[in-house]
file query_35.txt (compact mmCIF, C-alpha atoms)
# COMPACT_ATOMS: atom_id res chain seq x y z
CA MET A 20 35.07 -46.17 42.27
CA ASP A 21 37.03 -44.78 45.20
CA ASN A 22 36.70 -41.13 44.17
CA ILE A 23 33.04 -40.88 43.24
CA GLU A 24 31.21 -38.56 45.65
CA VAL A 25 27.81 -38.03 43.99
CA LEU A 26 25.73 -40.38 41.86
CA TRP A 27 23.55 -37.66 40.32
CA ASP A 28 23.95 -33.88 40.32
CA ASP A 29 21.40 -31.08 40.65
CA GLN A 30 21.22 -30.36 36.93
CA LEU A 31 19.61 -33.58 35.75
CA VAL A 32 16.45 -33.08 33.75
CA MET A 33 13.25 -34.35 35.31
CA GLY A 34 12.41 -37.76 33.91
CA SER A 35 16.01 -38.97 33.90
CA PHE A 36 16.43 -42.62 34.89
CA HIS A 37 12.66 -43.12 34.87
CA LYS A 38 12.98 -46.64 33.40
CA LEU A 39 15.77 -47.76 35.73
CA LYS A 40 14.73 -51.06 37.37
CA SER A 41 17.90 -52.16 39.14
CA LEU A 42 20.65 -50.13 40.81
CA GLU A 43 23.83 -51.68 42.21
CA VAL A 44 26.48 -49.61 43.97
CA ARG A 45 29.75 -51.17 45.13
CA ARG A 46 32.99 -49.87 46.63
CA CYS A 47 32.24 -46.18 46.35
CA ASN A 48 34.02 -45.11 49.49
CA LYS A 49 33.27 -41.38 49.33
CA LEU A 50 29.53 -41.64 48.86
CA LEU A 51 27.51 -40.38 51.84
CA ASN A 52 24.07 -41.23 50.45
CA ILE A 53 22.56 -43.15 47.55
CA VAL A 54 19.16 -41.68 46.67
CA PRO A 55 18.54 -38.00 47.48
CA SER A 56 14.90 -37.10 47.88
CA ARG A 57 14.81 -34.78 44.85
CA ILE A 58 15.12 -37.71 42.44
CA LEU A 59 12.83 -40.17 44.21
CA GLY A 60 9.99 -39.07 41.99
CA TRP A 61 12.03 -39.90 38.89
CA LEU A 62 12.79 -43.49 39.86
CA LYS A 63 9.32 -44.72 39.03
CA SER A 64 10.55 -48.15 37.91
CA LEU A 65 13.26 -48.93 40.46
CA GLU A 66 12.57 -52.36 41.94
CA SER A 67 15.97 -53.52 43.18
CA LEU A 68 18.68 -51.65 45.11
CA HIS A 69 21.95 -53.34 46.11
CA VAL A 70 24.61 -51.39 48.02
CA ARG A 71 27.86 -52.99 49.13
CA SER A 72 31.22 -52.00 50.61
CA CYS A 73 30.78 -48.22 50.63
CA GLY A 74 32.93 -47.26 53.58
CA SER A 75 31.57 -43.73 54.21
CA LEU A 76 27.89 -44.23 53.45
CA GLU A 77 25.70 -42.81 56.23
CA VAL A 78 22.18 -42.94 54.80
CA VAL A 79 20.54 -44.61 51.82
CA PHE A 80 17.52 -42.38 51.19
CA LYS A 81 18.49 -38.77 51.92
CA LEU A 82 15.98 -36.00 52.62
CA GLN A 83 17.05 -32.64 51.23
CA PRO A 84 15.81 -29.58 53.14
CA LEU A 85 15.07 -27.40 50.11
CA ASN A 86 12.23 -28.59 47.91
CA PRO A 87 12.85 -32.15 49.14
CA LEU A 88 10.70 -33.98 46.60
CA ASP A 89 11.13 -31.53 43.73
CA GLY A 90 7.57 -30.35 44.15
CA HIS A 91 6.14 -33.79 43.49
CA PRO A 92 5.42 -35.78 46.66
CA VAL A 93 5.96 -39.50 46.18
CA ALA A 94 3.04 -41.43 47.64
CA HIS A 95 4.38 -44.83 46.63
CA PHE A 96 7.93 -45.97 45.83
CA PRO A 97 8.19 -49.16 43.71
CA LEU A 98 11.25 -50.71 45.41
CA LYS A 99 10.78 -54.46 45.99
CA LYS A 100 14.25 -55.68 46.93
CA LEU A 101 16.76 -53.94 49.20
CA GLU A 102 20.21 -55.37 49.95
CA LEU A 103 22.72 -53.55 52.15
CA TYR A 104 26.10 -55.21 52.74
CA GLU A 105 29.28 -54.12 54.52
CA LEU A 106 28.40 -50.50 55.23
CA PRO A 107 30.28 -49.74 58.47
CA GLU A 108 29.17 -46.09 58.79
CA LEU A 109 25.51 -46.53 57.86
CA LYS A 110 23.43 -44.77 60.53
CA CYS A 111 19.99 -45.06 58.97
CA VAL A 112 18.29 -46.24 55.82
CA TRP A 113 15.64 -43.50 55.75
CA ASP A 114 16.76 -39.98 56.67
CA LYS A 115 14.85 -37.69 59.03
CA GLU A 116 11.23 -37.15 58.01
CA LEU A 117 11.49 -38.61 54.51
CA TYR A 118 9.59 -41.72 55.53
CA HIS A 119 6.54 -39.60 56.38
CA GLN A 120 6.36 -38.43 52.76
CA VAL A 121 7.28 -41.58 50.87
CA LYS A 122 5.67 -45.00 51.16
CA PHE A 123 7.70 -48.17 50.62
CA GLN A 124 4.73 -50.51 50.47
CA SER A 125 6.20 -52.68 47.69
CA LEU A 126 9.19 -53.95 49.66
CA CYS A 127 9.25 -57.76 49.55
CA TYR A 128 12.84 -58.74 50.35
CA VAL A 129 15.24 -56.98 52.71
CA THR A 130 18.73 -58.21 53.58
CA VAL A 131 21.22 -56.32 55.75
CA TRP A 132 24.71 -57.60 56.60
CA LYS A 133 27.65 -56.10 58.45
CA CYS A 134 26.30 -52.62 59.13
CA LYS A 135 27.83 -52.07 62.56
CA SER A 136 26.60 -48.49 63.07
CA LEU A 137 22.97 -49.23 62.24
CA ALA A 138 21.02 -49.16 65.53
CA SER A 139 17.57 -49.72 64.00
CA LEU A 140 16.36 -50.73 60.57
CA PHE A 141 12.85 -49.38 60.10
CA PRO A 142 11.25 -46.19 61.37
CA ALA A 143 7.84 -47.07 62.80
CA SER A 144 6.11 -45.17 59.98
CA VAL A 145 7.84 -47.37 57.40
CA ALA A 146 7.28 -50.61 59.30
CA LYS A 147 3.53 -50.02 59.47
CA ASP A 148 3.38 -49.92 55.67
CA LEU A 149 5.35 -53.11 54.94
CA ILE A 150 2.31 -55.06 53.85
CA GLN A 151 4.17 -56.91 51.07
CA LEU A 152 7.30 -57.87 53.00
CA GLU A 153 8.01 -61.60 52.61
CA GLU A 154 11.61 -62.17 53.72
CA LEU A 155 13.79 -60.25 56.16
CA GLY A 156 17.34 -61.16 57.14
CA ILE A 157 19.76 -59.18 59.30
CA ASP A 158 23.28 -60.36 60.13
CA GLU A 159 26.16 -58.87 62.12
CA CYS A 160 24.73 -55.39 62.61
CA GLY A 161 24.56 -52.97 65.54
CA ILE A 162 20.77 -53.27 65.69
CA VAL A 163 19.34 -52.55 69.16
CA GLU A 164 15.71 -52.55 68.08
CA LEU A 165 14.39 -53.60 64.71
CA ILE A 166 11.87 -50.75 64.54
CA ALA A 167 12.78 -47.28 65.83
CA LYS A 168 10.35 -45.80 68.32
CA GLU A 169 8.26 -42.78 67.38
CA GLU A 170 6.11 -40.58 69.57
CA GLY A 171 2.35 -40.91 69.33
CA LEU A 172 -0.22 -43.67 69.61
CA VAL A 173 0.61 -47.26 70.47
CA PRO A 174 1.74 -48.70 67.13
CA ARG A 175 0.49 -51.89 65.53
CA PHE A 176 2.69 -53.75 63.08
CA ASP A 177 1.06 -56.32 60.84
CA PHE A 178 3.60 -58.26 58.78
CA SER A 179 0.86 -60.19 57.05
CA ARG A 180 3.00 -61.72 54.27
CA LEU A 181 6.32 -62.24 56.03
CA THR A 182 7.29 -65.92 55.81
CA SER A 183 10.96 -65.82 56.85
CA LEU A 184 12.69 -63.80 59.58
CA LYS A 185 16.37 -64.39 60.34
CA LEU A 186 18.22 -62.43 63.02
CA ASN A 187 21.84 -63.52 63.29
CA ASP A 188 24.71 -62.23 65.43
CA LEU A 189 22.97 -59.03 66.49
CA ILE A 190 24.84 -58.67 69.75
CA GLU A 191 23.07 -55.42 70.72
CA LEU A 192 19.53 -56.53 69.85
CA LYS A 193 17.05 -56.32 72.72
CA CYS A 194 13.62 -56.16 71.12
CA ILE A 195 11.66 -55.62 67.95
CA TYR A 196 10.25 -52.33 69.27
CA THR A 197 10.79 -50.58 72.59
CA GLY A 198 7.67 -50.04 74.68
CA THR A 199 4.04 -51.04 74.24
CA HIS A 200 3.05 -52.16 70.77
CA ALA A 201 1.20 -54.92 68.95
CA LEU A 202 2.77 -57.35 66.50
CA ARG A 203 1.21 -59.84 64.10
CA TRP A 204 3.10 -62.44 62.06
CA PRO A 205 0.27 -64.59 60.67
CA ALA A 206 2.23 -66.07 57.73
CA LEU A 207 5.67 -66.51 59.33
CA LYS A 208 6.97 -70.04 58.71
CA THR A 209 10.67 -69.76 59.54
CA LEU A 210 12.17 -67.89 62.49
CA GLU A 211 15.88 -67.95 63.29
CA VAL A 212 17.45 -66.06 66.18
CA ARG A 213 21.16 -66.71 66.60
CA GLY A 214 23.84 -64.98 68.63
CA CYS A 215 21.55 -62.25 70.00
CA ASN A 216 22.96 -62.34 73.50
CA LYS A 217 21.02 -59.45 75.00
CA VAL A 218 17.66 -61.13 74.39
CA GLU A 219 16.29 -62.60 77.63
CA ILE A 220 12.69 -63.45 76.68
CA LEU A 221 11.74 -64.63 73.21
CA ALA A 222 7.97 -64.08 73.18
CA SER A 223 5.35 -62.78 75.59
CA GLN A 224 1.71 -61.78 75.42
CA LEU A 225 0.88 -58.08 75.22
CA GLU A 226 -1.41 -58.36 78.25
CA ASN A 227 1.54 -59.50 80.37
CA GLU A 228 3.74 -56.52 79.57
CA THR A 229 3.08 -54.70 82.83
CA SER A 230 4.18 -57.73 84.84
CA LEU A 231 7.42 -58.15 82.91
CA HIS A 232 10.58 -56.55 84.20
CA LYS A 233 12.34 -57.28 80.93
CA GLN A 234 11.35 -56.47 77.38
CA PRO A 235 10.69 -59.59 75.29
CA LEU A 236 12.01 -59.79 71.76
CA PHE A 237 8.47 -60.37 70.47
CA LEU A 238 5.49 -58.77 72.18
CA ILE A 239 2.46 -60.60 70.80
CA GLU A 240 -1.07 -59.21 70.70
CA LYS A 241 -3.05 -62.44 70.25
CA VAL A 242 -2.11 -65.87 68.87
CA ALA A 243 1.67 -66.06 68.53
CA PHE A 244 3.07 -67.29 65.21
CA PRO A 245 0.09 -69.42 64.09
CA SER A 246 1.88 -70.55 60.89
CA LEU A 247 5.40 -71.05 62.26
CA GLU A 248 6.93 -74.38 61.20
CA THR A 249 10.64 -73.94 61.95
CA LEU A 250 12.14 -72.21 64.98
CA VAL A 251 15.90 -72.02 65.53
CA ILE A 252 17.32 -70.49 68.72
CA SER A 253 21.10 -70.65 68.93
CA VAL A 254 23.99 -69.18 70.96
CA MET A 255 21.79 -67.06 73.24
CA ASP A 256 23.79 -66.72 76.44
CA ASN A 257 21.23 -64.72 78.44
CA ILE A 258 17.89 -66.07 77.31
CA GLU A 259 15.75 -67.17 80.25
CA VAL A 260 12.31 -67.74 78.73
CA LEU A 261 11.27 -68.87 75.26
CA TRP A 262 7.57 -68.18 75.77
CA ASP A 263 5.51 -67.25 78.79
CA ASP A 264 2.66 -69.25 80.31
CA GLN A 265 -0.06 -66.91 79.10
CA LEU A 266 0.21 -67.30 75.32
CA PHE A 267 -3.13 -67.76 73.59
CA VAL A 268 -4.32 -71.21 72.57
CA GLY A 269 -3.20 -71.86 69.00
CA SER A 270 0.19 -70.24 69.41
CA PHE A 271 2.97 -72.22 67.71
CA HIS A 272 0.50 -75.01 66.90
CA LYS A 273 2.05 -75.68 63.45
CA LEU A 274 5.61 -75.85 64.74
CA LYS A 275 7.35 -78.86 63.16
CA SER A 276 11.00 -78.21 64.03
CA LEU A 277 12.50 -76.64 67.14
CA GLU A 278 16.28 -76.33 67.35
CA GLU A 279 18.04 -75.05 70.44
CA HIS A 280 21.82 -74.79 70.49
CA MET A 281 24.15 -73.56 73.22
CA LEU A 282 21.55 -71.99 75.49
CA TYR A 283 23.27 -71.62 78.83
CA VAL A 284 20.50 -70.20 81.00
CA GLY A 285 17.60 -72.31 82.24
CA LEU A 286 14.59 -72.19 79.93
CA HIS A 287 10.88 -72.31 80.71
call {"tool": "encode", "arguments": {"input": "query_35.txt", "output": "structure tokens"}}
result
Amino acid sequence: MDNIEVLWDDQLVMGSFHKLKSLEVRRCNKLLNIVPSRILGWLKSLESLHVRSCGSLEVVFKLQPLNPLDGHPVAHFPLKKLELYELPELKCVWDKELYHQVKFQSLCYVTVWKCKSLASLFPASVAKDLIQLEELGIDECGIVELIAKEEGLVPRFDFSRLTSLKLNDLIELKCIYTGTHALRWPALKTLEVRGCNKVEILASQLENETSLHKQPLFLIEKVAFPSLETLVISVMDNIEVLWDDQLFVGSFHKLKSLEEHMLYVGLH
């Protein structure tokens, strides 16, 4: 659909598409966004969104300045599965302040692949609400930090149901979140970090942040990864430390498999 520019126009009657459960958009090279904010309130049943090979797409969820939510603020959006593939111009998933008005608490599965212009995936306000997230995979993207920094209090991110996290070939990735924060991954069983060559420290305790000259990928508040069973670290040219000496007792205590491949710098 090389010539399609808009999925839905301004004249649609309220209630349109209200039973839509799955939306797949492929090879629409003139589309700039997928879901404008004015129809978010209509998509009360949308559980799966798959977007692939849209060469001009800049944002998935677009905030519109005039009457952005059509007079009906959306407290909770039902989306469970989000897949974004081969979107070279994608700058952000959530536009501007939209994520302060809409909650994506139902997200369970997120996969992002070959989005070279995407510097971060989640705004902090979205990340704090991802209480149902179970699997997250990001490959070959321009991600610098997984969660974009916002001004305000020190954020706490509790990914209480996340069991699988895979970060592959993110050559710009430095950390999950820049600056002081607290992270919990109590259910995480599988962690893969491959080809993230700007990462120098894998995990460090929050209390040690002031003594670190380099930002770790994971800044841990208490026990680090208490449920982790499989850890894969591969092709990490600049990594110096996997974990510091101050991690709490119980960290990594369920680890069954540790794979290290092509790590060229001395590890501690």
call {"tool": "residues_around", "arguments": {"input": "query_35.txt", "residues": "Leu103 (chain A)", "least_positions_apart": "5", "cutoff": "10 Å", "atoms": "all atoms listed in the file", "output": "list in words"}}
result
Val44, Leu68, His69, Val70, Arg71, Ser72, Cys73, Val79, Leu109, Val112, Val129, Thr130, Val131, Trp132, Lys133, Cys134 and Ile157 of chain A
call {"tool": "residues_around", "arguments": {"input": "query_35.txt", "residues": "Ser246 (chain A)", "least_positions_apart": "5", "cutoff": "6 Å", "atoms": "only C-alpha atoms", "output": "list in words"}}
result
Ala206, Leu207, Lys208 and Lys273 of chain A
call {"tool": "residues_around", "arguments": {"input": "query_35.txt", "residues": "Asp158 (chain A)", "least_positions_apart": "5", "cutoff": "12 Å", "atoms": "only C-alpha atoms", "output": "list in words"}}
result
Glu102, Leu103, Tyr104, Glu105, Val129, Thr130, Val131, Trp132, Lys133, Cys134, Lys135, Leu137, Leu140, Leu184, Lys185, Leu186, Asn187, Asp188, Leu189, Ile190, Glu191, Leu192, Glu211, Val212, Arg213, Gly214 and Cys215 of chain A
call {"tool": "closest_residue", "arguments": {"input": "query_35.txt", "among": "A:Lys168, A:Lys275, A:Lys241, A:Arg180", "to": "Ala201 (chain A)", "atoms": "only C-alpha atoms"}}
result
A:Lys241
call {"tool": "closest_residue", "arguments": {"input": "query_35.txt", "among": "A:Leu51, A:Leu181, A:Ile58, A:Ala222", "to": "Val32 (chain A)", "atoms": "all atoms listed in the file"}}
result
A:Ile58
call {"tool": "residues_near_point", "arguments": {"input": "query_35.txt", "point": "(9.5, -48.1, 65.3)", "cutoff": "6 Å", "atoms": "all atoms listed in the file", "output": "list in words"}}
result
Pro142, Ala143, Ile166, Ala167, Lys168, Glu169 and Tyr196 of chain A
call {"tool": "write_last_selection", "arguments": {"input": "query_35.txt", "atoms": "C-alpha atoms", "output": "CSV table (one decimal), in the frame of the given file"}}
result
chain,number,residue,atom,x,y,z
A,142,PRO,CA,11.2,-46.2,61.4
A,143,ALA,CA,7.8,-47.1,62.8
A,166,ILE,CA,11.9,-50.8,64.5
A,167,ALA,CA,12.8,-47.3,65.8
A,168,LYS,CA,10.4,-45.8,68.3
A,169,GLU,CA,8.3,-42.8,67.4
A,196,TYR,CA,10.2,-52.3,69.3
call {"tool": "closest_residue", "arguments": {"input": "query_35.txt", "among": "A:Ala138, A:Cys160, A:Leu26, A:Leu202", "to": "Ile239 (chain A)", "atoms": "all atoms listed in the file"}}
result
A:Leu202
call {"tool": "atom_distance", "arguments": {"input": "query_35.txt", "atom1": "CA of Leu247 (chain A)", "atom2": "CA of Phe123 (chain A)"}}
result
25.8 Å
call {"tool": "closest_residue", "arguments": {"input": "query_35.txt", "among": "A:Pro174, A:Pro205, A:Gly198, A:Gly74", "to": "Pro235 (chain A)", "atoms": "all atoms listed in the file"}}
result
A:Gly198
call {"tool": "atom_distance", "arguments": {"input": "query_35.txt", "atom1": "CA of Glu170 (chain A)", "atom2": "CA of Trp113 (chain A)"}}
result
17.0 Å
call {"tool": "closest_residue", "arguments": {"input": "query_35.txt", "among": "A:Gln30, A:Lys38, A:Gln151, A:Glu77", "to": "Ile53 (chain A)", "atoms": "all atoms listed in the file"}}
result
A:Glu77
call {"tool": "closest_residue", "arguments": {"input": "query_35.txt", "among": "A:Val145, A:Val260, A:Val254, A:Cys127", "to": "Glu279 (chain A)", "atoms": "only C-alpha atoms"}}
result
A:Val254
call {"tool": "atom_distance", "arguments": {"input": "query_35.txt", "atom1": "CA of Ser41 (chain A)", "atom2": "CA of Cys111 (chain A)"}}
result
21.2 Å
call {"tool": "residues_near_point", "arguments": {"input": "query_35.txt", "point": "(-1.8, -72.9, 64.2)", "cutoff": "7 Å", "atoms": "only C-alpha atoms", "output": "MDAnalysis selection string"}}
result
chainID A and resid 245:246 269:273
call {"tool": "decode", "arguments": {"input": "query_35.txt", "residues": "region 194-205 of chain A", "atoms": "all heavy atoms", "output": "PDB file, in the first residue's frame"}}
result
ATOM      1  N   CYS A 194      22.516   2.035  28.896  1.00  0.00           N
ATOM      2  CA  CYS A 194      21.891   1.726  30.179  1.00  0.00           C
ATOM      3  C   CYS A 194      20.389   1.550  29.998  1.00  0.00           C
ATOM      4  O   CYS A 194      19.831   1.896  28.959  1.00  0.00           O
ATOM      5  CB  CYS A 194      22.171   2.826  31.202  1.00  0.00           C
ATOM      6  SG  CYS A 194      21.596   4.457  30.676  1.00  0.00           S
ATOM      7  N   ILE A 195      19.761   1.025  31.019  1.00  0.00           N
ATOM      8  CA  ILE A 195      18.306   0.915  31.005  1.00  0.00           C
ATOM      9  C   ILE A 195      17.673   2.292  31.189  1.00  0.00           C
ATOM     10  O   ILE A 195      16.710   2.651  30.511  1.00  0.00           O
ATOM     11  CB  ILE A 195      17.824  -0.038  32.115  1.00  0.00           C
ATOM     12  CG1 ILE A 195      18.405  -1.446  31.897  1.00  0.00           C
ATOM     13  CG2 ILE A 195      16.298  -0.097  32.157  1.00  0.00           C
ATOM     14  CD1 ILE A 195      17.978  -2.110  30.606  1.00  0.00           C
ATOM     15  N   TYR A 196      18.238   3.082  32.102  1.00  0.00           N
ATOM     16  CA  TYR A 196      17.730   4.424  32.388  1.00  0.00           C
ATOM     17  C   TYR A 196      18.902   5.274  32.859  1.00  0.00           C
ATOM     18  O   TYR A 196      19.703   4.838  33.698  1.00  0.00           O
ATOM     19  CB  TYR A 196      16.644   4.350  33.466  1.00  0.00           C
ATOM     20  CG  TYR A 196      16.007   5.671  33.829  1.00  0.00           C
ATOM     21  CD1 TYR A 196      14.886   6.134  33.147  1.00  0.00           C
ATOM     22  CD2 TYR A 196      16.514   6.457  34.866  1.00  0.00           C
ATOM     23  CE1 TYR A 196      14.290   7.343  33.484  1.00  0.00           C
ATOM     24  CE2 TYR A 196      15.921   7.669  35.208  1.00  0.00           C
ATOM     25  CZ  TYR A 196      14.810   8.103  34.514  1.00  0.00           C
ATOM     26  OH  TYR A 196      14.221   9.301  34.848  1.00  0.00           O
ATOM     27  N   THR A 197      19.007   6.484  32.346  1.00  0.00           N
ATOM     28  CA  THR A 197      20.112   7.363  32.716  1.00  0.00           C
ATOM     29  C   THR A 197      19.853   8.014  34.070  1.00  0.00           C
ATOM     30  O   THR A 197      18.781   8.566  34.304  1.00  0.00           O
ATOM     31  CB  THR A 197      20.305   8.463  31.656  1.00  0.00           C
ATOM     32  OG1 THR A 197      20.562   7.852  30.393  1.00  0.00           O
ATOM     33  CG2 THR A 197      21.474   9.360  32.017  1.00  0.00           C
ATOM     34  N   GLY A 198      20.843   7.955  34.953  1.00  0.00           N
ATOM     35  CA  GLY A 198      20.704   8.603  36.249  1.00  0.00           C
ATOM     36  C   GLY A 198      20.177   7.660  37.319  1.00  0.00           C
ATOM     37  O   GLY A 198      19.958   6.469  37.099  1.00  0.00           O
ATOM     38  N   THR A 199      19.964   8.213  38.500  1.00  0.00           N
ATOM     39  CA  THR A 199      19.539   7.422  39.647  1.00  0.00           C
ATOM     40  C   THR A 199      18.121   6.897  39.459  1.00  0.00           C
ATOM     41  O   THR A 199      17.221   7.630  39.067  1.00  0.00           O
ATOM     42  CB  THR A 199      19.596   8.275  40.927  1.00  0.00           C
ATOM     43  OG1 THR A 199      20.930   8.758  41.110  1.00  0.00           O
ATOM     44  CG2 THR A 199      19.189   7.453  42.139  1.00  0.00           C
ATOM     45  N   HIS A 200      17.948   5.624  39.747  1.00  0.00           N
ATOM     46  CA  HIS A 200      16.642   4.988  39.648  1.00  0.00           C
ATOM     47  C   HIS A 200      16.708   3.656  40.384  1.00  0.00           C
ATOM     48  O   HIS A 200      17.773   3.241  40.841  1.00  0.00           O
ATOM     49  CB  HIS A 200      16.249   4.759  38.180  1.00  0.00           C
ATOM     50  CG  HIS A 200      17.178   3.850  37.443  1.00  0.00           C
ATOM     51  ND1 HIS A 200      18.410   4.263  36.986  1.00  0.00           N
ATOM     52  CD2 HIS A 200      17.070   2.543  37.095  1.00  0.00           C
ATOM     53  CE1 HIS A 200      19.018   3.256  36.389  1.00  0.00           C
ATOM     54  NE2 HIS A 200      18.231   2.196  36.442  1.00  0.00           N
ATOM     55  N   ALA A 201      15.586   3.009  40.504  1.00  0.00           N
ATOM     56  CA  ALA A 201      15.531   1.688  41.132  1.00  0.00           C
ATOM     57  C   ALA A 201      14.822   0.727  40.195  1.00  0.00           C
ATOM     58  O   ALA A 201      13.785   1.061  39.620  1.00  0.00           O
ATOM     59  CB  ALA A 201      14.800   1.766  42.469  1.00  0.00           C
ATOM     60  N   LEU A 202      15.401  -0.460  40.045  1.00  0.00           N
ATOM     61  CA  LEU A 202      14.854  -1.477  39.151  1.00  0.00           C
ATOM     62  C   LEU A 202      14.618  -2.775  39.906  1.00  0.00           C
ATOM     63  O   LEU A 202      15.448  -3.187  40.720  1.00  0.00           O
ATOM     64  CB  LEU A 202      15.835  -1.761  38.007  1.00  0.00           C
ATOM     65  CG  LEU A 202      15.842  -0.836  36.795  1.00  0.00           C
ATOM     66  CD1 LEU A 202      17.052  -1.147  35.935  1.00  0.00           C
ATOM     67  CD2 LEU A 202      14.578  -1.004  35.975  1.00  0.00           C
ATOM     68  N   ARG A 203      13.494  -3.427  39.613  1.00  0.00           N
ATOM     69  CA  ARG A 203      13.229  -4.756  40.156  1.00  0.00           C
ATOM     70  C   ARG A 203      12.796  -5.680  39.026  1.00  0.00           C
ATOM     71  O   ARG A 203      11.966  -5.309  38.204  1.00  0.00           O
ATOM     72  CB  ARG A 203      12.136  -4.718  41.234  1.00  0.00           C
ATOM     73  CG  ARG A 203      12.567  -4.042  42.529  1.00  0.00           C
ATOM     74  CD  ARG A 203      11.490  -4.181  43.591  1.00  0.00           C
ATOM     75  NE  ARG A 203      11.334  -5.576  44.029  1.00  0.00           N
ATOM     76  CZ  ARG A 203      10.271  -6.335  43.777  1.00  0.00           C
ATOM     77  NH1 ARG A 203       9.262  -5.862  43.071  1.00  0.00           N
ATOM     78  NH2 ARG A 203      10.202  -7.579  44.224  1.00  0.00           N
ATOM     79  N   TRP A 204      13.386  -6.877  39.015  1.00  0.00           N
ATOM     80  CA  TRP A 204      13.062  -7.897  38.016  1.00  0.00           C
ATOM     81  C   TRP A 204      12.841  -9.224  38.746  1.00  0.00           C
ATOM     82  O   TRP A 204      13.562 -10.196  38.515  1.00  0.00           O
ATOM     83  CB  TRP A 204      14.208  -8.054  37.014  1.00  0.00           C
ATOM     84  CG  TRP A 204      14.831  -6.783  36.533  1.00  0.00           C
ATOM     85  CD1 TRP A 204      15.743  -6.016  37.190  1.00  0.00           C
ATOM     86  CD2 TRP A 204      14.591  -6.124  35.279  1.00  0.00           C
ATOM     87  NE1 TRP A 204      16.098  -4.927  36.429  1.00  0.00           N
ATOM     88  CE2 TRP A 204      15.405  -4.968  35.247  1.00  0.00           C
ATOM     89  CE3 TRP A 204      13.786  -6.405  34.177  1.00  0.00           C
ATOM     90  CZ2 TRP A 204      15.429  -4.091  34.170  1.00  0.00           C
ATOM     91  CZ3 TRP A 204      13.811  -5.540  33.102  1.00  0.00           C
ATOM     92  CH2 TRP A 204      14.618  -4.402  33.097  1.00  0.00           C
ATOM     93  N   PRO A 205      11.883  -9.323  39.626  1.00  0.00           N
ATOM     94  CA  PRO A 205      11.772 -10.494  40.503  1.00  0.00           C
ATOM     95  C   PRO A 205      11.454 -11.803  39.790  1.00  0.00           C
ATOM     96  O   PRO A 205      11.761 -12.876  40.312  1.00  0.00           O
ATOM     97  CB  PRO A 205      10.633 -10.110  41.459  1.00  0.00           C
ATOM     98  CG  PRO A 205       9.823  -9.106  40.705  1.00  0.00           C
ATOM     99  CD  PRO A 205      10.819  -8.328  39.902  1.00  0.00           C
TER     100      PRO A 205
END
